[in-house]
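The data block below is structure_15.txt; it holds compact mmCIF, C-alpha atoms.
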```txt
# COMPACT_ATOMS: atom_id res chain seq x y z
CA MET E 1 171.14 106.54 276.29
CA ASN E 2 167.77 108.22 276.51
CA THR E 3 168.25 110.65 279.39
CA THR E 4 164.87 112.31 278.86
CA ALA E 5 162.98 109.03 279.06
CA ASP E 6 164.90 107.93 282.18
CA THR E 7 164.23 111.26 283.86
CA THR E 8 160.53 111.04 283.04
CA THR E 9 160.32 107.49 284.39
CA THR E 10 162.12 108.43 287.59
CA THR E 11 159.93 111.47 288.15
CA GLU E 12 156.72 109.45 287.67
CA SER E 13 157.90 106.71 290.01
CA GLN E 14 158.74 109.26 292.69
CA GLN E 15 155.33 110.91 292.56
CA PRO E 16 153.29 109.97 295.64
CA LYS E 17 150.25 107.84 295.01
CA LYS E 18 146.91 109.52 295.48
CA LYS E 19 145.50 108.68 298.89
CA VAL E 20 142.42 106.48 298.69
CA THR E 21 139.58 108.05 300.69
CA LYS E 22 136.74 105.72 299.77
CA ALA E 23 135.85 102.50 297.98
CA TYR E 24 132.74 100.44 297.35
CA LEU E 25 131.88 96.86 298.30
CA CYS E 26 129.24 94.40 297.13
CA GLU E 27 128.64 91.08 298.83
CA ARG E 28 126.17 88.73 300.43
CA ALA E 29 125.64 89.66 304.09
CA LYS E 30 127.60 87.34 306.35
CA SER E 31 125.08 87.66 309.19
CA SER E 32 121.92 89.56 310.11
CA ARG E 33 123.78 92.13 312.21
CA SER E 34 124.17 94.98 309.71
CA VAL E 35 121.56 97.74 309.36
CA CYS E 36 120.76 99.58 306.14
CA LYS E 37 121.74 103.23 306.53
CA LYS E 38 118.80 104.33 304.36
CA CYS E 39 115.74 102.45 305.63
CA ARG E 40 117.21 101.55 309.06
CA GLN E 41 116.07 97.93 308.66
CA ILE E 42 118.15 94.79 309.22
CA ILE E 43 119.98 93.38 306.20
CA SER E 44 119.27 89.65 306.38
CA LYS E 45 121.98 87.04 306.18
CA ASP E 46 122.89 86.14 302.55
CA GLU E 47 121.00 89.18 301.23
CA LEU E 48 122.90 91.20 298.62
CA ARG E 49 124.22 94.46 300.05
CA VAL E 50 126.44 97.29 298.84
CA GLY E 51 128.61 99.44 301.04
CA LEU E 52 130.66 102.60 301.10
CA LEU E 53 134.07 102.03 302.67
CA THR E 54 135.78 105.12 304.09
CA PHE E 55 139.06 105.57 305.93
CA TYR E 56 138.90 108.92 307.77
CA PRO E 57 138.95 109.36 310.69
CA HIS E 58 138.94 105.56 310.84
CA ARG E 59 137.92 102.62 308.66
CA ASN E 60 134.13 102.44 308.43
CA ILE E 61 131.54 100.77 306.17
CA ARG E 62 128.00 102.04 305.61
CA TRP E 63 125.84 99.23 304.23
CA PHE E 64 122.67 99.48 302.11
CA HIS E 65 120.14 97.00 300.72
CA ALA E 66 121.24 96.44 297.12
CA THR E 67 117.93 95.47 295.52
CA SER E 68 115.20 96.80 297.82
CA GLN E 69 111.99 98.17 296.33
CA GLN E 70 112.61 101.41 298.24
CA GLY E 71 115.84 101.92 296.29
CA CYS E 72 117.99 102.11 299.42
CA ALA E 73 121.26 102.06 297.44
CA ASN E 74 120.21 104.35 294.58
CA GLN E 75 122.09 107.42 295.77
CA LEU E 76 125.23 105.45 296.57
CA LEU E 77 125.22 103.61 293.23
CA SER E 78 124.63 106.81 291.28
CA LYS E 79 128.08 108.01 292.38
CA ALA E 80 129.96 104.72 291.90
CA ILE E 81 131.61 102.99 288.96
CA LEU E 82 132.36 99.31 288.61
CA ASP E 83 136.13 99.72 288.93
CA GLU E 84 135.70 101.23 292.40
CA PHE E 85 134.27 98.01 293.83
CA TRP E 86 137.12 96.27 295.61
CA ASN E 87 135.82 92.72 295.88
CA MET E 88 134.63 91.97 292.36
CA LYS E 89 136.71 88.78 292.17
CA THR E 90 134.77 87.22 295.04
CA LEU E 91 131.33 87.92 293.53
CA SER E 92 129.40 85.15 291.85
CA PRO E 93 128.58 85.69 288.16
CA ASP E 94 124.91 86.28 289.01
CA ASP E 95 125.70 88.86 291.70
CA LYS E 96 128.16 90.61 289.41
CA GLU E 97 125.51 90.79 286.69
CA THR E 98 123.04 92.22 289.22
CA LEU E 99 125.53 94.88 290.30
CA VAL E 100 126.27 95.87 286.70
CA SER E 101 122.54 96.19 286.02
CA LEU E 102 122.04 98.34 289.11
CA LEU E 103 124.88 100.65 288.11
CA GLU E 104 123.58 100.99 284.56
CA GLU E 105 120.09 101.76 285.82
CA GLN E 106 121.37 104.51 288.11
CA LYS E 107 123.49 105.92 285.29
CA HIS E 108 120.39 106.00 283.12
CA GLN E 109 118.31 107.69 285.82
CA LEU E 110 121.05 110.24 286.43
CA ALA E 111 121.09 111.12 282.73
CA ILE E 112 117.32 111.65 282.81
CA ARG E 113 117.59 113.96 285.81
CA ASN E 114 120.40 115.95 284.22
CA THR E 115 118.39 116.60 281.07
CA ALA E 116 115.09 117.34 282.80
CA MET E 117 113.56 120.74 282.10
CA THR E 118 111.85 121.10 285.46
CA VAL E 119 113.30 121.32 288.94
CA THR E 120 111.56 119.30 291.65
CA HIS E 121 111.05 120.74 295.10
CA THR E 122 113.73 119.78 297.62
CA PHE E 123 114.00 120.30 301.34
CA PRO E 124 115.63 123.71 301.76
CA SER E 125 119.17 123.78 303.12
CA VAL E 126 120.05 125.95 306.07
CA THR E 127 122.84 128.44 305.44
CA GLY E 128 124.76 130.93 307.54
CA GLU E 129 126.09 130.84 311.08
CA LEU E 130 123.65 129.37 313.60
CA SER E 131 123.36 130.08 317.31
CA MET E 132 122.55 127.07 319.48
CA HIS E 133 118.94 128.32 319.72
CA MET E 134 118.69 128.46 315.91
CA PHE E 135 120.38 125.08 315.62
CA ALA E 136 117.86 123.61 318.07
CA SER E 137 114.96 124.97 316.00
CA SER E 138 116.42 123.52 312.80
CA ILE E 139 117.15 120.08 314.18
CA THR E 140 113.85 119.63 316.02
CA GLU E 141 111.87 120.60 312.92
CA ARG E 142 113.71 117.92 310.97
CA TYR E 143 113.54 115.17 313.62
CA ASN E 144 110.30 115.03 315.56
CA ARG E 145 110.11 111.52 317.04
CA PHE E 146 110.10 112.77 320.64
CA ARG E 147 107.47 110.78 322.56
CA SER E 148 106.37 109.08 319.35
CA PHE E 149 107.23 105.48 320.27
CA ARG E 150 104.34 103.30 321.40
CA PHE E 151 106.16 100.02 322.15
CA GLY E 152 103.30 97.87 320.94
CA LEU E 153 100.53 99.75 322.75
CA PRO E 154 97.46 101.15 320.97
CA GLU E 155 97.41 104.90 320.39
CA GLU E 156 94.89 105.55 323.17
CA GLN E 157 97.32 104.10 325.77
CA ARG E 158 100.27 106.27 324.75
CA PHE E 159 101.44 108.56 327.60
CA GLY E 160 99.69 106.36 330.18
CA LYS E 161 101.12 104.39 333.10
CA ASN E 162 101.98 101.29 331.10
CA TRP E 163 103.57 103.39 328.35
CA ARG E 164 105.75 105.18 330.89
CA TRP E 165 106.88 101.83 332.28
CA ARG E 166 107.87 100.62 328.80
CA CYS E 167 109.70 103.88 328.02
CA PHE E 168 111.66 103.62 331.26
CA LEU E 169 112.79 100.05 330.61
CA ALA E 170 113.64 100.89 327.00
CA THR E 171 115.80 103.80 328.19
CA MET E 172 117.72 101.47 330.50
CA LEU E 173 118.19 98.90 327.74
CA VAL E 174 119.37 101.28 325.02
CA CYS E 175 122.44 102.55 326.90
CA ASN E 176 125.65 101.95 324.88
CA THR E 177 123.53 100.13 322.28
CA HIS E 178 122.20 101.04 318.85
CA GLU E 179 118.53 101.94 319.03
CA THR E 180 117.54 99.34 316.42
CA ALA E 181 118.89 96.59 318.70
CA MET E 182 116.87 97.89 321.65
CA LEU E 183 113.69 98.14 319.57
CA ALA E 184 114.11 94.60 318.25
CA PHE E 185 114.53 93.34 321.82
CA THR E 186 111.64 95.31 323.35
CA ASP E 187 109.27 94.33 320.53
CA LYS E 188 109.50 90.73 321.73
CA LEU E 189 109.90 91.50 325.46
CA PHE E 190 106.70 93.56 325.70
CA LEU E 191 104.84 91.03 323.61
CA VAL E 192 105.48 88.43 326.34
CA TYR E 193 105.53 90.69 329.42
CA LYS E 194 102.84 93.29 328.93
CA THR E 195 102.84 94.81 332.45
CA PRO E 196 105.20 95.19 335.41
CA GLU E 197 103.30 92.38 337.12
CA ASP E 198 103.97 90.07 334.18
CA LEU E 199 107.69 90.88 334.19
CA GLU E 200 107.94 90.26 337.93
CA LYS E 201 107.12 86.59 337.25
CA LEU E 202 110.46 86.31 335.47
CA ARG E 203 112.40 86.91 338.71
CA GLY E 204 113.99 83.69 339.94
CA ASP E 205 113.47 81.89 336.62
CA ARG E 206 117.12 81.54 335.67
CA THR E 207 116.50 79.41 332.59
CA THR E 208 114.09 81.88 330.97
CA THR E 209 116.20 84.86 332.05
CA LYS E 210 119.26 83.26 330.43
CA ALA E 211 117.23 82.74 327.23
CA TRP E 212 116.40 86.47 327.20
CA MET E 213 120.07 87.32 327.70
CA ASP E 214 121.00 85.11 324.75
CA TYR E 215 118.29 86.73 322.64
CA GLY E 216 119.64 90.14 323.61
CA ASP E 217 123.13 89.10 322.52
CA LYS E 218 121.71 87.88 319.22
CA GLN E 219 120.11 91.30 318.67
CA ASP E 220 123.41 93.05 319.52
CA LEU E 221 121.99 94.41 322.78
CA ARG E 222 125.24 95.21 324.57
CA HIS E 223 125.68 94.05 328.20
CA SER E 224 122.38 92.17 328.00
CA GLY E 225 123.13 90.17 331.14
CA LYS E 226 123.61 93.25 333.33
CA LYS E 227 120.67 95.02 331.75
CA MET E 228 118.29 92.12 332.40
CA SER E 229 119.38 92.14 336.03
CA PHE E 230 118.93 95.92 336.27
CA ILE E 231 115.44 96.03 334.74
CA LEU E 232 114.22 93.17 336.96
CA ARG E 233 115.46 94.96 340.10
CA ALA E 234 114.02 98.28 338.94
CA ASN E 235 110.72 96.64 338.05
CA LYS E 236 110.38 95.14 341.55
CA LEU E 237 111.08 98.53 343.13
CA LEU E 238 108.47 100.15 340.91
CA LEU E 239 105.90 97.61 342.07
CA ASP E 240 106.86 97.73 345.75
CA LYS E 241 107.21 101.50 346.12
CA TYR E 242 105.42 103.22 343.21
CA ASP E 243 102.50 100.91 342.35
CA GLY E 244 104.20 100.01 339.06
CA ASP E 245 104.46 103.60 337.85
CA VAL E 246 107.63 105.52 336.99
CA PRO E 247 108.62 108.14 339.60
CA LYS E 248 108.91 111.76 338.53
CA GLN E 249 111.84 112.84 340.72
CA ARG E 250 115.48 112.48 339.73
CA GLU E 251 116.61 111.24 343.15
CA ASP E 252 114.02 108.44 343.07
CA LEU E 253 115.13 107.33 339.62
CA GLU E 254 118.86 107.50 340.31
CA ALA E 255 118.40 105.40 343.47
CA MET E 256 117.76 102.37 341.22
CA ASN E 257 120.49 100.05 340.00
CA GLY E 258 121.38 100.75 336.38
CA VAL E 259 119.94 104.28 336.41
CA GLY E 260 122.44 107.12 336.17
CA ARG E 261 121.97 110.76 335.38
CA HIS E 262 121.54 110.17 331.64
CA VAL E 263 118.79 107.53 332.03
CA ALA E 264 117.04 109.65 334.67
CA SER E 265 117.12 112.76 332.47
CA ILE E 266 115.77 110.96 329.40
CA THR E 267 113.06 109.26 331.48
CA MET E 268 111.89 112.54 333.02
CA ALA E 269 111.81 114.27 329.64
CA TRP E 270 110.23 111.34 327.81
CA CYS E 271 107.63 110.30 330.37
CA TYR E 272 106.72 113.64 331.94
CA GLN E 273 107.99 116.28 329.48
CA ARG E 274 110.29 117.72 332.12
CA PRO E 275 112.91 120.17 330.75
CA GLU E 276 115.76 117.65 331.08
CA PHE E 277 118.56 117.05 328.61
CA GLY E 278 120.40 113.73 328.34
CA ILE E 279 124.12 113.80 327.51
CA ASP E 280 125.39 110.92 325.37
CA VAL E 281 127.98 110.33 322.63
CA HIS E 282 125.73 111.85 319.95
CA VAL E 283 125.28 115.06 321.93
CA LYS E 284 128.97 115.50 322.72
CA ARG E 285 130.10 114.67 319.19
CA ILE E 286 127.64 116.97 317.40
CA LEU E 287 127.87 119.91 319.79
CA THR E 288 131.67 119.75 319.59
CA ARG E 289 131.60 119.72 315.78
CA TRP E 290 129.43 122.82 315.82
CA GLY E 291 131.68 124.58 318.30
CA TYR E 292 128.97 124.96 320.95
CA ILE E 293 131.04 123.11 323.56
CA THR E 294 134.74 122.51 324.06
CA GLU E 295 136.71 119.36 324.77
CA GLY E 296 136.82 118.53 328.44
CA MET E 297 133.46 120.02 329.45
CA SER E 298 131.65 117.84 331.97
CA ASP E 299 128.19 116.45 331.38
CA ILE E 300 126.76 118.84 333.97
CA GLN E 301 128.41 121.83 332.29
CA ILE E 302 127.01 120.81 328.89
CA GLU E 303 123.57 120.20 330.37
CA ASN E 304 123.49 123.56 332.13
CA LYS E 305 124.58 125.39 328.98
CA VAL E 306 121.81 123.80 326.93
CA LYS E 307 119.21 124.51 329.60
CA THR E 308 120.29 128.16 329.67
CA LEU E 309 120.06 128.68 325.90
CA ILE E 310 117.07 126.52 324.86
CA PRO E 311 113.42 127.16 325.81
CA GLU E 312 112.13 124.66 328.37
CA ASP E 313 109.45 123.23 326.10
CA LYS E 314 112.08 122.44 323.44
CA ILE E 315 114.75 120.80 325.60
CA GLY E 316 113.29 117.28 325.47
CA HIS E 317 112.74 117.49 321.71
CA PHE E 318 116.28 118.79 321.28
CA SER E 319 117.70 115.88 323.28
CA ARG E 320 115.83 113.29 321.20
CA ALA E 321 116.79 114.93 317.89
CA PHE E 322 120.48 114.29 318.55
CA VAL E 323 119.85 110.55 318.46
CA ASP E 324 118.19 110.66 315.04
CA HIS E 325 120.68 113.13 313.56
CA GLY E 326 123.62 111.20 314.98
CA GLN E 327 122.42 107.83 313.72
CA GLN E 328 121.25 108.98 310.30
CA VAL E 329 123.82 111.61 309.29
CA CYS E 330 126.27 112.95 311.87
CA GLY E 331 127.77 109.71 313.14
CA TYR E 332 131.37 109.07 314.15
CA THR E 333 132.04 109.05 310.41
CA PRO E 334 129.65 111.80 309.23
CA ASN E 335 127.80 111.76 305.92
CA CYS E 336 128.02 115.51 305.37
CA SER E 337 127.06 115.39 301.70
CA GLU E 338 123.51 114.36 302.69
CA CYS E 339 123.19 116.72 305.66
CA TYR E 340 120.77 119.62 305.25
CA LEU E 341 122.88 121.67 307.67
CA LYS E 342 126.17 121.27 305.80
CA HIS E 343 126.22 124.89 304.59
CA SER E 344 126.19 126.15 308.17
CA CYS E 345 128.26 123.48 309.91
CA PRO E 346 131.78 124.79 310.67
CA THR E 347 133.38 121.33 310.24
CA ALA E 348 131.48 119.99 307.20
CA ALA E 349 134.20 121.00 304.73
CA LYS E 350 136.58 118.60 306.47
CA TYR E 351 134.47 115.63 305.37
CA MET E 352 132.87 116.83 302.14
CA ASP E 353 135.37 115.01 299.86
CA TRP E 354 133.47 111.84 300.69
```
Represent the structure of the file as C-alpha cells.
Amino acid sequence: MNTTADTTTTTESQQPKKKVTKAYLCERAKSSRSVCKKCRQIISKDELRVGLLTFYPHRNIRWFHATSQQGCANQLLSKAILDEFWNMKTLSPDDKETLVSLLEEQKHQLAIRNTAMTVTHTFPSVTGELSMHMFASSITERYNRFRSFRFGLPEEQRFGKNWRWRCFLATMLVCNTHETAMLAFTDKLFLVYKTPEDLEKLRGDRTTTKAWMDYGDKQDLRHSGKKMSFILRANKLLLDKYDGDVPKQREDLEAMNGVGRHVASITMAWCYQRPEFGIDVHVKRILTRWGYITEGMSDIQIENKVKTLIPEDKIGHFSRAFVDHGQQVCGYTPNCSECYLKHSCPTAAKYMDW
C-alpha cells in the first residue's frame, strides 16, 4: 500500500479550486443592442465581438468590436490567451481562425513594445490623496464634453433657443437610460421635428406617436411610452407659456410632468451655465468610492456639499464629467486598470486583479 501516494492524492483533492474572476468570450452579436466599450458605437447584429466576462461584484460582460480598424479589442486581446475563451466549441472554423490570428497579432505587437528602446509619451497618472476640489479639477480636465452636443444643429446655432429646447428634451429622455440610446433616438427625432412647433403637430397623432415609442424601445430607450407623453406635454407648455424657450427658474421647470430635481438641475447647468449639480447613479457611485460621501446621504445633502467645495464655474462641468467617467471607466463594474486616477482612488485596489 502506497501511503505517501494516497496522502498526496487526498491532499490535492482537498485543496480548494482557484476562484475564477474573469473569462473571455468570442461570438457573433445576437442583436444590435450591445455597445463597444472602446469606441462607444453599436455592435451590429452578427458582427464578430469579443468580451471580458467578470463576476465581482456581479456577473458582467464588456463587449468590444473584434475586427474594427480602430483596434477596439487590441488591449483586451493583448492580455488574453486562447484557453481563456469559454465558448470556443460554439465558434465556426472561420471565426476561430480569425480569433487565433487576432491573438497572435497582439502577441507579436506586445513583443515589439517590450523590446522597444524608446518610451512613448503617455497621459500622466494622478497620484496621492485628492480633495474633492482636486478631484474635480482632474476629472473635468479629462472629460470636457459639457455643452458640446449640438443635436444636429450647425455650430452657429449652438447655445441658441432651438439648441436649449433640444437639450431640455434630451435631458428628459436620457433618465434611467444609457446615453447612446438617447442620442440614437434624438438623432432621428430632431431630424423629423426640428422645432417645438413641428413637434406640437405630433400631439393627437396616436399612430405616429406609437411608432416613435416602438422606435424608442428598439433603441433601448427605457420607458419610451411615458417619456414621449412627458416631452409632448412639456413641449406644449413651452409654446403656450414661454414662446418655445426653456425657462431658467427651477420652479418653472419642476412644474412640468416628467421633470424632477435632477432634470431641472442638468437643464439649468446645460442651457444657462447655472451652478447646478445633478445627482444620478454615476455621481453617487463614484463619490462613494472616493469616500467623499457616505451611504444614506440624500440628494440634497450631496448637492449642497458639492456646491460648497467646488467653484461655481466648475460645477456644471463637474456634473457632466461623472457621466463620461462612469460610462467609460468607473461603471458598476469598474475598469480600474485603465483609469488614470487609480493611484489615488482609495478603492481601486479592490478591483485591480481584473
Write out as a PyMOL selection string which residues come within 8 Å of Leu102 (chain E) when counting all atoms listed in the file, dropping same-chain ones fewer than 4 positions away.
chain E and resi 77+98+106
Please report the interatomic distance between CA of His282 (chain E) and CA of Val323 (chain E) in Å with one decimal.
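Separation of CA of His282 (chain E) and CA of Val323 (chain E): 6.2 Å.
Omitting Ile139 (chain E) and its sequence neighbours fewer than 4 positions away, and counting all atoms listed in the file, the residues within 9 Å are Met134, Phe135, Tyr143, Asn144, Phe318, Ala321, Phe322, His325 and Leu341 of chain E.
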Looking at all atoms listed in the file, which of E:Ser344, E:Asn235, E:Asn176, E:Gln301 is the one that sits closest to Tyr193 (chain E)?
E:Asn235
Rounded to one decimal, what separation in Å do you get between CA of Lys45 (chain E) and CA of Arg33 (chain E)?
8.1 Å
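Comparing E:Ser78, E:Gln69, E:Ser229, E:Asn87 by their smallest distance to Arg28 (chain E), the closest is E:Asn87 (using all atoms listed in the file).
Of note, CA of Gln41 (chain E) and CA of His65 (chain E) are spaced 9.0 Å apart.
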So that I can see what lies close to Arg203 (chain E), please list as a compact mmCIF listing (two decimals) with C-alpha atoms, in the frame of the given file the residues with an atom at most 10 Å from it, counting only C-alpha atoms and leaving out residues fewer than 5 positions away in the same chain.
```txt
# COMPACT_ATOMS: atom_id res chain seq x y z
CA THR E 208 114.09 81.88 330.97
CA THR E 209 116.20 84.86 332.05
CA SER E 229 119.38 92.14 336.03
CA LEU E 232 114.22 93.17 336.96
CA ARG E 233 115.46 94.96 340.10
CA ASN E 235 110.72 96.64 338.05
CA LYS E 236 110.38 95.14 341.55
```
Show me, as a ChimeraX atom specification, the residues that have an atom within 10 Å of Ala184 (chain E) when counting all atoms listed in the file, minus same-chain residues fewer than 3 positions from it.
/E:42,179-181,187-189,215-216,219-221
For the point (121.3, 113.9, 324.8) in the file's frame, write as a list in words all residues with an atom no more than 7 Å away, counting only C-alpha atoms.
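Those within range, by chain then number, are Phe277, Gly278, Ile279, Asp280, His282, Val283, Ser319, Arg320 and Phe322 of chain E.
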Which of these, E:Ile286, E:Met297, E:Cys175, E:Val306, has the shortest distance to Val329 (chain E) once you count all atoms listed in the file?
E:Ile286
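The smallest atom-to-atom distance between Pro247 (chain E) and any of E:Asp46, E:Ser32, E:Gly260, E:Arg164, using all atoms listed in the file, is found for E:Arg164.
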Given all atoms listed in the file as the counted atoms, nearest of E:Leu153, E:Leu91, E:Leu25, E:Ala136 to Lys307 (chain E):
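For Lys307 (chain E), the nearest of the given residues is E:Ala136.
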Who sits within 8 Å of Arg289 (chain E), only C-alpha atoms, same chain under 4 positions skipped, as a PDB file with C-alpha atoms, in the frame of the given file:
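Generated output (selection_21.pdb):
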```
ATOM      1  CA  ARG E 285     130.100 114.670 319.190  1.00  0.00           C
ATOM      2  CA  CYS E 345     128.260 123.480 309.910  1.00  0.00           C
ATOM      3  CA  PRO E 346     131.780 124.790 310.670  1.00  0.00           C
ATOM      4  CA  THR E 347     133.380 121.330 310.240  1.00  0.00           C
TER       5      THR E 347
END
```
